[in-house]
Amino acid sequence: MASDFIFTPFGRRHRSLVHRIEPGHAVNVDGGRLRLVHLATGTEIEIPKPAVDEGAVAAGSSNWITYTYWQNNTGTPISSFRSTWKVPPPPSSAASQLIYLFNGMEPLAQNAILQPVLQWGTSGFSGAGDGPYWTVASWYVDPSGHAFFSPHPHARVNPGDTLVGVMTLTSQSGGKFNYTCEFQGIPGTNLPLLGSPELVWCSETLEAYEIGSSASPPYDLNSALEYPATQVTAFEAINIQTGSVNPTVTWAAVNLVTKFGEHAVPVNDSSSNGEVDLFYPTPPGGFASLGGNITTDPAVGRNADGRLEVFARGTDGALWHIWQNSPGGGWSGWSSLAGGITTNPAVGINADGRLEVFARGTDDALWHIWQNSPGGGWSGWNSLAGGITANPAQASNYDGRLEVFVRGTDDALWHRWQTSPGGGWS
């Protein structure tokens with residue numbers, strides 16, 4: 001019966017095979033024996049082999065939607081695998097879906113996984129503290145079919161929170177490896193794994209289930225609206241170390257389910273500051289949330305490399321911006337450019353490709369801020385003086401000089417212009 005099963009982040013398991021890990025305990029798989037170990041006393045609890053049909057609850061039951069992977073062939077074990085991502089908005093439609101987002105590590109046989117997991121929905125484990133909201137927990141799923149998680153109940157997180165999922169090699173002896181898995185800074189998420197085979201596969205994954213569905217994986221959710229109401233989750237600041245070295249990494253994308261346009265894009269293969277973007281369906285109507293809290297109309301500019309960048313005033317009166325991480329790709333989080341503005345911003349593109357933003361300040365003068373190099377960092381705010389009473393508008397002259405138009409306190413149209421492309425102002 002469906003109620004006899006739990007949907008873990010590595011497939012469906014009979015509920016007798018799913019275990020919570022109490023604080024201060026570890027999973028020990030040394031010698032092929034599965035047991036829980038109290039780290040302070042060394043007391044062990046043997047976990048028996050499954051008494052249920054393993055084939056019905058293990059192989060081929062995971063429903064990964066899209067993911068990227070990399071295999072470590074350097075000859076040196078992975079000592080650390082870290083990824084940073086933000087909790088996305090909730091789905092537009094709360095139905096029977098269960099969504100998992102994680103970075104994970106697997107042994108060569110790919111029959112087990114260690115993973116810090118962000119979850120939306122209910123897995124079916126009584127008292128897990130999960131539901132139609134976001135939670136986190138660390139998981140280990142064993143080749144025998146057993147699955148372990150910590151904490152119980154799961155830790156609640158909120159849209160916009162920054163997560164850092166880390167797996168660390170703590171020690172090794174011969175072919176036996178000890179690891180920890182946790183969400184950095186979130187108490188109770190530490191899950192130690194002892195006596196494991198070497199974990200050589202790294203992945204960034206979107207996994208989803210329709211609870212109660214009779215479909216066999218891989219399959220999609222019933223509706224595009226059941227995915228998070230955003231375009232993408234960006235796994236950023238990906239850091240993989242083998243010993244003390246950042247190895248050469250090349251992520252490969254696998255899109256198993258694409259009914260609603262789900263797909264994975266390796267944006268940056270860097271092993272010290274890499275990025276993988278996992279894209280969701282674009283909801284009907286074409287809009288997906290980019291988050292933030294803005295109080296003016298947005299203004300959009302295109303960077304020299306083709307990336308879009310959006311500007312708006314925040315609730316603190318400062319200018320905020322958000323940008324594509326790659327041309328046509330996923331988006332960064334919101335970041336402040338400070339200042340105090342009282343109108344919609346206007347964006348110009350200098351002759352050399354640098355973006356420049358104009359807005360009225362709290363003193364009613366026209367203020368501007370600009371990129372120091374195309375697509376690069378930003379200057380401080382600078383006043384262009386005047387007394388304006390409406391939103392500024394800007395355009396580029398035929399020779400590339402920017403020109404700005406405003407309404408003055410006398411209700412006349414006033415303007416200022418660059419005296420040379422990208423140069424000073426009249």
# chains A, B, ... in the order shown; residues from 1 in each chain; ligands from 1

$ select_by_dssp --residues "range 26-272 of chain A" --states "helix (DSSP H, G or I)" --output "PyMOL selection string"
chain A and resi 30-32+54-57+224-226

$ select_by_dssp --residues "range 160-189 of chain A" --states "strand (DSSP E)" --output "ChimeraX atom specification"
/A:162-173,176-183

$ closest_residue --among "A:His19, A:Arg354, A:Arg302, A:Arg416" --to "Trp323 in chain A" --atoms "only C-alpha atoms"
A:Arg302

$ closest_atom_pairs --of "range 115-174 of chain A" --to "range 182-188 of chain A" --cutoff "9 Å" --atoms "only C-alpha atoms" --output "Markdown table"
| residue | atom | partner | partner_atom | distance |
| --- | --- | --- | --- | --- |
| A:Gln115 | CA | A:Glu182 | CA | 8.2 |
| A:Pro116 | CA | A:Glu182 | CA | 5.9 |
| A:Val117 | CA | A:Phe183 | CA | 8.6 |
| A:Val136 | CA | A:Phe183 | CA | 8.0 |
| A:Ala137 | CA | A:Phe183 | CA | 7.8 |
| A:Ser138 | CA | A:Glu182 | CA | 5.9 |
| A:Ser150 | CA | A:Gly188 | CA | 6.5 |
| A:Pro151 | CA | A:Gly188 | CA | 5.1 |
| A:His152 | CA | A:Gly188 | CA | 8.3 |
| A:His154 | CA | A:Gly188 | CA | 8.6 |
| A:Ala155 | CA | A:Ile186 | CA | 7.7 |
| A:Leu163 | CA | A:Phe183 | CA | 6.7 |
| A:Val164 | CA | A:Gln184 | CA | 5.4 |
| A:Gly165 | CA | A:Phe183 | CA | 4.6 |
| A:Val166 | CA | A:Glu182 | CA | 5.6 |
| A:Met167 | CA | A:Glu182 | CA | 6.6 |
| A:Thr168 | CA | A:Glu182 | CA | 8.9 |

$ atom_distance --atom1 "CA of Ile369 in chain A" --atom2 "CA of Gly340 in chain A"
11.8 Å

$ closest_atom_pairs --of "range 200-229 of chain A" --to "range 74-81 of chain A" --cutoff "12 Å" --atoms "only C-alpha atoms" --output "JSON lines"
{"residue": "A:Val200", "atom": "CA", "partner": "A:Ile78", "partner_atom": "CA", "distance": 7.0}
{"residue": "A:Trp201", "atom": "CA", "partner": "A:Ile78", "partner_atom": "CA", "distance": 9.3}
{"residue": "A:Cys202", "atom": "CA", "partner": "A:Phe81", "partner_atom": "CA", "distance": 7.8}
{"residue": "A:Ser203", "atom": "CA", "partner": "A:Phe81", "partner_atom": "CA", "distance": 9.8}
{"residue": "A:Glu204", "atom": "CA", "partner": "A:Phe81", "partner_atom": "CA", "distance": 10.8}

$ atom_distance --atom1 "CA of Thr295 in chain A" --atom2 "CA of Thr315 in chain A"
6.2 Å

$ closest_atom_pairs --of "range 241-344 of chain A" --to "range 83-96 of chain A" --cutoff "10 Å" --atoms "only C-alpha atoms" --output "tab-separated table"
residue	atom	partner	partner_atom	distance
A:Asn273	CA	A:Ser83	CA	9.2
A:Gly274	CA	A:Ser83	CA	8.7
A:Glu275	CA	A:Ser83	CA	8.6
A:Val276	CA	A:Ser83	CA	9.5
A:Asp277	CA	A:Trp85	CA	9.9
A:Pro283	CA	A:Ser92	CA	8.6
A:Ala288	CA	A:Pro89	CA	9.7
A:Ser289	CA	A:Pro89	CA	7.6
A:Leu290	CA	A:Pro89	CA	8.9
A:Gly291	CA	A:Pro89	CA	7.7
A:Ser332	CA	A:Lys86	CA	9.8
A:Gly333	CA	A:Lys86	CA	8.3

$ write_last_selection --atoms "N, CA, C and O atoms" --output "PDB file, in the first residue's frame"
ATOM      1  N   ASN A 273      34.736  28.272  -7.266  1.00  0.00           N
ATOM      2  CA  ASN A 273      33.603  29.210  -7.258  1.00  0.00           C
ATOM      3  C   ASN A 273      32.679  28.883  -8.429  1.00  0.00           C
ATOM      4  O   ASN A 273      32.309  29.760  -9.212  1.00  0.00           O
ATOM      5  N   GLY A 274      32.270  27.623  -8.540  1.00  0.00           N
ATOM      6  CA  GLY A 274      31.479  27.163  -9.672  1.00  0.00           C
ATOM      7  C   GLY A 274      30.008  27.489  -9.522  1.00  0.00           C
ATOM      8  O   GLY A 274      29.543  27.963  -8.482  1.00  0.00           O
ATOM      9  N   GLU A 275      29.263  27.218 -10.599  1.00  0.00           N
ATOM     10  CA  GLU A 275      27.823  27.449 -10.562  1.00  0.00           C
ATOM     11  C   GLU A 275      27.106  26.487 -11.495  1.00  0.00           C
ATOM     12  O   GLU A 275      27.542  26.250 -12.627  1.00  0.00           O
ATOM     13  N   VAL A 276      25.998  25.945 -10.998  1.00  0.00           N
ATOM     14  CA  VAL A 276      25.081  25.113 -11.774  1.00  0.00           C
ATOM     15  C   VAL A 276      23.681  25.663 -11.572  1.00  0.00           C
ATOM     16  O   VAL A 276      23.258  25.875 -10.431  1.00  0.00           O
ATOM     17  N   ASP A 277      22.969  25.917 -12.658  1.00  0.00           N
ATOM     18  CA  ASP A 277      21.601  26.425 -12.581  1.00  0.00           C
ATOM     19  C   ASP A 277      20.610  25.325 -12.937  1.00  0.00           C
ATOM     20  O   ASP A 277      20.755  24.668 -13.975  1.00  0.00           O
ATOM     21  N   PRO A 283       5.884  29.341 -15.438  1.00  0.00           N
ATOM     22  CA  PRO A 283       4.452  29.182 -15.184  1.00  0.00           C
ATOM     23  C   PRO A 283       3.614  29.794 -16.297  1.00  0.00           C
ATOM     24  O   PRO A 283       4.050  30.723 -16.984  1.00  0.00           O
ATOM     25  N   ALA A 288       7.611  34.575 -13.665  1.00  0.00           N
ATOM     26  CA  ALA A 288       8.189  33.828 -12.555  1.00  0.00           C
ATOM     27  C   ALA A 288       8.844  34.833 -11.617  1.00  0.00           C
ATOM     28  O   ALA A 288       9.421  35.827 -12.067  1.00  0.00           O
ATOM     29  N   SER A 289       8.746  34.598 -10.324  1.00  0.00           N
ATOM     30  CA  SER A 289       9.228  35.557  -9.338  1.00  0.00           C
ATOM     31  C   SER A 289      10.750  35.621  -9.296  1.00  0.00           C
ATOM     32  O   SER A 289      11.428  34.595  -9.347  1.00  0.00           O
ATOM     33  N   LEU A 290      11.279  36.853  -9.181  1.00  0.00           N
ATOM     34  CA  LEU A 290      12.701  37.064  -8.909  1.00  0.00           C
ATOM     35  C   LEU A 290      12.906  37.575  -7.490  1.00  0.00           C
ATOM     36  O   LEU A 290      14.004  38.019  -7.135  1.00  0.00           O
ATOM     37  N   GLY A 291      11.855  37.516  -6.682  1.00  0.00           N
ATOM     38  CA  GLY A 291      11.968  37.893  -5.280  1.00  0.00           C
ATOM     39  C   GLY A 291      12.155  39.393  -5.102  1.00  0.00           C
ATOM     40  O   GLY A 291      11.812  40.208  -5.955  1.00  0.00           O
ATOM     41  N   SER A 332      21.050  36.203 -10.201  1.00  0.00           N
ATOM     42  CA  SER A 332      21.674  36.369  -8.898  1.00  0.00           C
ATOM     43  C   SER A 332      20.608  36.676  -7.854  1.00  0.00           C
ATOM     44  O   SER A 332      19.417  36.780  -8.169  1.00  0.00           O
ATOM     45  N   GLY A 333      21.027  36.868  -6.634  1.00  0.00           N
ATOM     46  CA  GLY A 333      20.145  37.454  -5.642  1.00  0.00           C
ATOM     47  C   GLY A 333      20.188  38.969  -5.742  1.00  0.00           C
ATOM     48  O   GLY A 333      21.015  39.551  -6.453  1.00  0.00           O
TER      49      GLY A 333
END

$ residues_around --residues "Gly387 in chain A" --least-positions-apart "6" --cutoff "10 Å" --atoms "only C-alpha atoms" --output "ChimeraX atom specification"
/A:360-361,363-366,406-410,414

$ atom_distance --atom1 "CA of Trp331 in chain A" --atom2 "CA of Gly160 in chain A"
13.1 Å

$ residues_around --residues "Ala338 in chain A" --least-positions-apart "3" --cutoff "9 Å" --atoms "only C-alpha atoms" --output "tab-separated table (two decimals) with all heavy atoms, in the first residue's frame"
chain	number	residue	atom	x	y	z
A	317	GLY	N	14.73	52.74	0.44
A	317	GLY	CA	15.02	53.91	-0.36
A	317	GLY	C	16.27	53.81	-1.19
A	317	GLY	O	16.57	54.71	-1.99
A	318	ALA	N	17.03	52.73	-1.02
A	318	ALA	CA	18.26	52.55	-1.78
A	318	ALA	C	17.95	51.96	-3.16
A	318	ALA	O	16.85	51.43	-3.39
A	318	ALA	CB	19.21	51.63	-1.03
A	319	LEU	N	18.92	52.05	-4.06
A	319	LEU	CA	18.81	51.40	-5.36
A	319	LEU	C	19.30	49.96	-5.22
A	319	LEU	O	20.40	49.71	-4.73
A	319	LEU	CB	19.65	52.14	-6.40
A	319	LEU	CG	19.64	51.53	-7.81
A	319	LEU	CD1	18.26	51.69	-8.44
A	319	LEU	CD2	20.71	52.16	-8.69
A	320	TRP	N	18.49	49.01	-5.65
A	320	TRP	CA	18.85	47.60	-5.63
A	320	TRP	C	18.92	47.08	-7.06
A	320	TRP	O	18.25	47.61	-7.95
A	320	TRP	CB	17.82	46.80	-4.83
A	320	TRP	CG	17.91	47.05	-3.35
A	320	TRP	CD1	17.54	48.18	-2.67
A	320	TRP	CD2	18.44	46.17	-2.36
A	320	TRP	NE1	17.78	48.06	-1.33
A	320	TRP	CE2	18.34	46.82	-1.11
A	320	TRP	CE3	18.98	44.89	-2.40
A	320	TRP	CZ2	18.77	46.23	0.07
A	320	TRP	CZ3	19.39	44.29	-1.22
A	320	TRP	CH2	19.29	44.97	0.00
A	380	GLY	N	30.67	55.12	-6.70
A	380	GLY	CA	29.77	55.69	-5.72
A	380	GLY	C	28.77	56.60	-6.42
A	380	GLY	O	28.86	56.88	-7.61
A	381	TRP	N	27.80	57.08	-5.66
A	381	TRP	CA	26.81	58.01	-6.21
A	381	TRP	C	27.42	59.40	-6.40
A	381	TRP	O	28.25	59.85	-5.60
A	381	TRP	CB	25.61	58.11	-5.26
A	381	TRP	CG	24.70	56.92	-5.35
A	381	TRP	CD1	24.74	55.80	-4.57
A	381	TRP	CD2	23.63	56.75	-6.27
A	381	TRP	NE1	23.76	54.93	-4.94
A	381	TRP	CE2	23.05	55.48	-5.99
A	381	TRP	CE3	23.08	57.52	-7.29
A	381	TRP	CZ2	21.97	54.98	-6.70
A	381	TRP	CZ3	22.00	57.03	-8.00
A	381	TRP	CH2	21.45	55.77	-7.70

$ closest_residue --among "A:Gly42, A:Pro132, A:Pro327, A:Pro197" --to "Gln110 in chain A" --atoms "only C-alpha atoms"
A:Pro197

$ closest_residue --among "A:Thr389, A:Ser216, A:Thr41, A:Asn63" --to "Phe10 in chain A" --atoms "only C-alpha atoms"
A:Asn63

$ residues_around --residues "Asp269 in chain A" --least-positions-apart "3" --cutoff "12 Å" --atoms "only C-alpha atoms" --output "JSON, numbers by chain"
{"A": [68, 69, 70, 235, 236, 237, 238, 239, 240, 246, 247, 248, 249, 250, 251, 252, 253, 265, 266, 272, 273, 274, 275, 276, 277]}

$ write_last_selection --atoms "N, CA, C and O atoms" --output "JSON list (two decimals), in the first residue's frame"
[["chain", "number", "residue", "atom", "x", "y", "z"],
["A", 68, "THR", "N", 23.20, 17.74, -12.66],
["A", 68, "THR", "CA", 24.54, 17.71, -13.24],
["A", 68, "THR", "C", 25.40, 16.80, -12.39],
["A", 68, "THR", "O", 25.13, 16.59, -11.20],
["A", 69, "TYR", "N", 26.45, 16.26, -12.99],
["A", 69, "TYR", "CA", 27.33, 15.36, -12.25],
["A", 69, "TYR", "C", 28.78, 15.55, -12.67],
["A", 69, "TYR", "O", 29.09, 16.04, -13.77],
["A", 70, "TRP", "N", 29.68, 15.15, -11.77],
["A", 70, "TRP", "CA", 31.11, 15.10, -12.04],
["A", 70, "TRP", "C", 31.69, 13.93, -11.26],
["A", 70, "TRP", "O", 31.34, 13.72, -10.09],
["A", 235, "PHE", "N", 22.83, 26.95, -7.92],
["A", 235, "PHE", "CA", 23.81, 26.42, -6.96],
["A", 235, "PHE", "C", 25.12, 27.16, -7.23],
["A", 235, "PHE", "O", 25.76, 26.94, -8.26],
["A", 236, "GLU", "N", 25.49, 28.04, -6.30],
["A", 236, "GLU", "CA", 26.63, 28.93, -6.51],
["A", 236, "GLU", "C", 27.75, 28.62, -5.53],
["A", 236, "GLU", "O", 27.59, 27.81, -4.62],
["A", 237, "ALA", "N", 28.88, 29.31, -5.75],
["A", 237, "ALA", "CA", 30.06, 29.16, -4.87],
["A", 237, "ALA", "C", 30.38, 27.69, -4.66],
["A", 237, "ALA", "O", 30.78, 27.28, -3.57],
["A", 238, "ILE", "N", 30.19, 26.87, -5.72],
["A", 238, "ILE", "CA", 30.50, 25.44, -5.62],
["A", 238, "ILE", "C", 31.99, 25.27, -5.42],
["A", 238, "ILE", "O", 32.80, 25.77, -6.21],
["A", 239, "ASN", "N", 32.36, 24.59, -4.36],
["A", 239, "ASN", "CA", 33.76, 24.38, -4.03],
["A", 239, "ASN", "C", 34.01, 22.89, -3.79],
["A", 239, "ASN", "O", 33.40, 22.29, -2.90],
["A", 240, "ILE", "N", 34.87, 22.32, -4.61],
["A", 240, "ILE", "CA", 35.25, 20.91, -4.48],
["A", 240, "ILE", "C", 36.75, 20.85, -4.26],
["A", 240, "ILE", "O", 37.52, 21.45, -5.02],
["A", 246, "ASN", "N", 42.03, 22.32, -5.48],
["A", 246, "ASN", "CA", 40.79, 22.43, -6.25],
["A", 246, "ASN", "C", 41.03, 21.82, -7.62],
["A", 246, "ASN", "O", 41.74, 22.40, -8.44],
["A", 247, "PRO", "N", 40.45, 20.64, -7.89],
["A", 247, "PRO", "CA", 40.75, 19.92, -9.14],
["A", 247, "PRO", "C", 40.04, 20.54, -10.33],
["A", 247, "PRO", "O", 39.17, 21.40, -10.20],
["A", 248, "THR", "N", 40.41, 20.10, -11.51],
["A", 248, "THR", "CA", 39.70, 20.48, -12.72],
["A", 248, "THR", "C", 38.36, 19.74, -12.75],
["A", 248, "THR", "O", 38.32, 18.51, -12.64],
["A", 249, "VAL", "N", 37.28, 20.49, -12.88],
["A", 249, "VAL", "CA", 35.93, 19.93, -12.84],
["A", 249, "VAL", "C", 35.20, 20.30, -14.13],
["A", 249, "VAL", "O", 35.27, 21.44, -14.59],
["A", 250, "THR", "N", 34.53, 19.33, -14.71],
["A", 250, "THR", "CA", 33.65, 19.59, -15.85],
["A", 250, "THR", "C", 32.30, 18.96, -15.55],
["A", 250, "THR", "O", 32.17, 17.73, -15.50],
["A", 251, "TRP", "N", 31.30, 19.80, -15.30],
["A", 251, "TRP", "CA", 29.97, 19.31, -15.00],
["A", 251, "TRP", "C", 29.28, 18.85, -16.27],
["A", 251, "TRP", "O", 29.36, 19.52, -17.31],
["A", 252, "ALA", "N", 28.58, 17.73, -16.21],
["A", 252, "ALA", "CA", 27.76, 17.23, -17.31],
["A", 252, "ALA", "C", 26.30, 17.29, -16.88],
["A", 252, "ALA", "O", 25.96, 16.95, -15.75],
["A", 253, "ALA", "N", 25.43, 17.75, -17.77],
["A", 253, "ALA", "CA", 24.01, 17.90, -17.46],
["A", 253, "ALA", "C", 23.21, 16.72, -17.99],
["A", 253, "ALA", "O", 23.48, 16.22, -19.09],
["A", 265, "VAL", "N", 21.86, 23.66, -16.34],
["A", 265, "VAL", "CA", 22.90, 24.36, -17.11],
["A", 265, "VAL", "C", 24.13, 24.54, -16.24],
["A", 265, "VAL", "O", 24.07, 25.24, -15.22],
["A", 266, "PRO", "N", 25.26, 23.90, -16.59],
["A", 266, "PRO", "CA", 26.51, 24.22, -15.91],
["A", 266, "PRO", "C", 26.99, 25.60, -16.36],
["A", 266, "PRO", "O", 27.35, 25.79, -17.52],
["A", 272, "SER", "N", 36.43, 26.15, -7.42],
["A", 272, "SER", "CA", 36.54, 27.00, -6.23],
["A", 272, "SER", "C", 35.39, 27.99, -6.14],
["A", 272, "SER", "O", 35.08, 28.49, -5.05],
["A", 273, "ASN", "N", 34.74, 28.27, -7.27],
["A", 273, "ASN", "CA", 33.60, 29.21, -7.26],
["A", 273, "ASN", "C", 32.68, 28.88, -8.43],
["A", 273, "ASN", "O", 32.31, 29.76, -9.21],
["A", 274, "GLY", "N", 32.27, 27.62, -8.54],
["A", 274, "GLY", "CA", 31.48, 27.16, -9.67],
["A", 274, "GLY", "C", 30.01, 27.49, -9.52],
["A", 274, "GLY", "O", 29.54, 27.96, -8.48],
["A", 275, "GLU", "N", 29.26, 27.22, -10.60],
["A", 275, "GLU", "CA", 27.82, 27.45, -10.56],
["A", 275, "GLU", "C", 27.11, 26.49, -11.50],
["A", 275, "GLU", "O", 27.54, 26.25, -12.63],
["A", 276, "VAL", "N", 26.00, 25.95, -11.00],
["A", 276, "VAL", "CA", 25.08, 25.11, -11.77],
["A", 276, "VAL", "C", 23.68, 25.66, -11.57],
["A", 276, "VAL", "O", 23.26, 25.87, -10.43],
["A", 277, "ASP", "N", 22.97, 25.92, -12.66],
["A", 277, "ASP", "CA", 21.60, 26.43, -12.58],
["A", 277, "ASP", "C", 20.61, 25.32, -12.94],
["A", 277, "ASP", "O", 20.76, 24.67, -13.98]]

$ residues_around --residues "Tyr280 in chain A" --least-positions-apart "6" --cutoff "7 Å" --atoms "only C-alpha atoms" --output "list in words"
Tyr227, Gln231, Val232, Gly261 and Glu262 of chain A

$ closest_residue --among "A:Gly292, A:Ile349, A:Asp297, A:Pro107" --to "Ile322 in chain A" --atoms "only C-alpha atoms"
A:Gly292

$ residues_around --residues "range 24-28 of chain A" --least-positions-apart "5" --cutoff "9 Å" --atoms "only C-alpha atoms" --output "list in words"
Arg33, Leu34, Arg35, Leu36, Val37, His38, Leu39, Ala40, Glu44, Tyr140, Phe148, Asn178, Leu191, Pro192, Leu193, Leu194, Gly195 and Ser196 of chain A

$ write_last_selection --atoms "N, CA and C atoms" --output "compact mmCIF listing (two decimals), in the first residue's frame"
# COMPACT_ATOMS: atom_id res chain seq x y z
N ARG A 33 28.35 -4.22 7.58
CA ARG A 33 27.36 -4.23 8.65
C ARG A 33 26.82 -2.82 8.83
N LEU A 34 25.53 -2.69 8.94
CA LEU A 34 24.88 -1.39 9.07
C LEU A 34 24.44 -1.21 10.52
N ARG A 35 24.92 -0.13 11.15
CA ARG A 35 24.58 0.08 12.55
C ARG A 35 24.67 1.56 12.90
N LEU A 36 23.98 1.93 13.97
CA LEU A 36 24.06 3.27 14.52
C LEU A 36 25.03 3.27 15.69
N VAL A 37 25.88 4.28 15.76
CA VAL A 37 26.92 4.34 16.78
C VAL A 37 26.75 5.61 17.60
N HIS A 38 26.73 5.46 18.92
CA HIS A 38 26.76 6.63 19.80
C HIS A 38 28.21 7.10 19.87
N LEU A 39 28.49 8.31 19.40
CA LEU A 39 29.87 8.76 19.24
C LEU A 39 30.59 8.92 20.57
N ALA A 40 29.88 9.26 21.64
CA ALA A 40 30.53 9.47 22.93
C ALA A 40 30.86 8.17 23.63
N GLU A 44 26.70 0.53 20.02
CA GLU A 44 26.21 0.29 18.67
C GLU A 44 24.82 -0.36 18.68
N TYR A 140 21.41 10.07 4.44
CA TYR A 140 22.27 9.03 3.87
C TYR A 140 21.37 7.85 3.52
N PHE A 148 18.58 7.18 6.25
CA PHE A 148 18.76 7.83 7.54
C PHE A 148 18.73 9.35 7.35
N ASN A 178 35.45 8.18 6.34
CA ASN A 178 34.51 8.78 7.25
C ASN A 178 34.15 10.19 6.77
N LEU A 191 25.20 14.95 10.01
CA LEU A 191 25.02 13.50 9.93
C LEU A 191 26.38 12.87 9.60
N PRO A 192 27.03 12.21 10.59
CA PRO A 192 28.31 11.55 10.35
C PRO A 192 28.10 10.16 9.71
N LEU A 193 28.96 9.82 8.76
CA LEU A 193 28.94 8.52 8.09
C LEU A 193 30.31 7.88 8.26
N LEU A 194 30.36 6.65 8.80
CA LEU A 194 31.62 5.98 9.11
C LEU A 194 31.78 4.72 8.25
N GLY A 195 33.03 4.45 7.87
CA GLY A 195 33.34 3.19 7.19
C GLY A 195 32.79 3.08 5.79
N SER A 196 32.57 4.18 5.12
CA SER A 196 31.97 4.17 3.78
C SER A 196 33.02 3.88 2.72
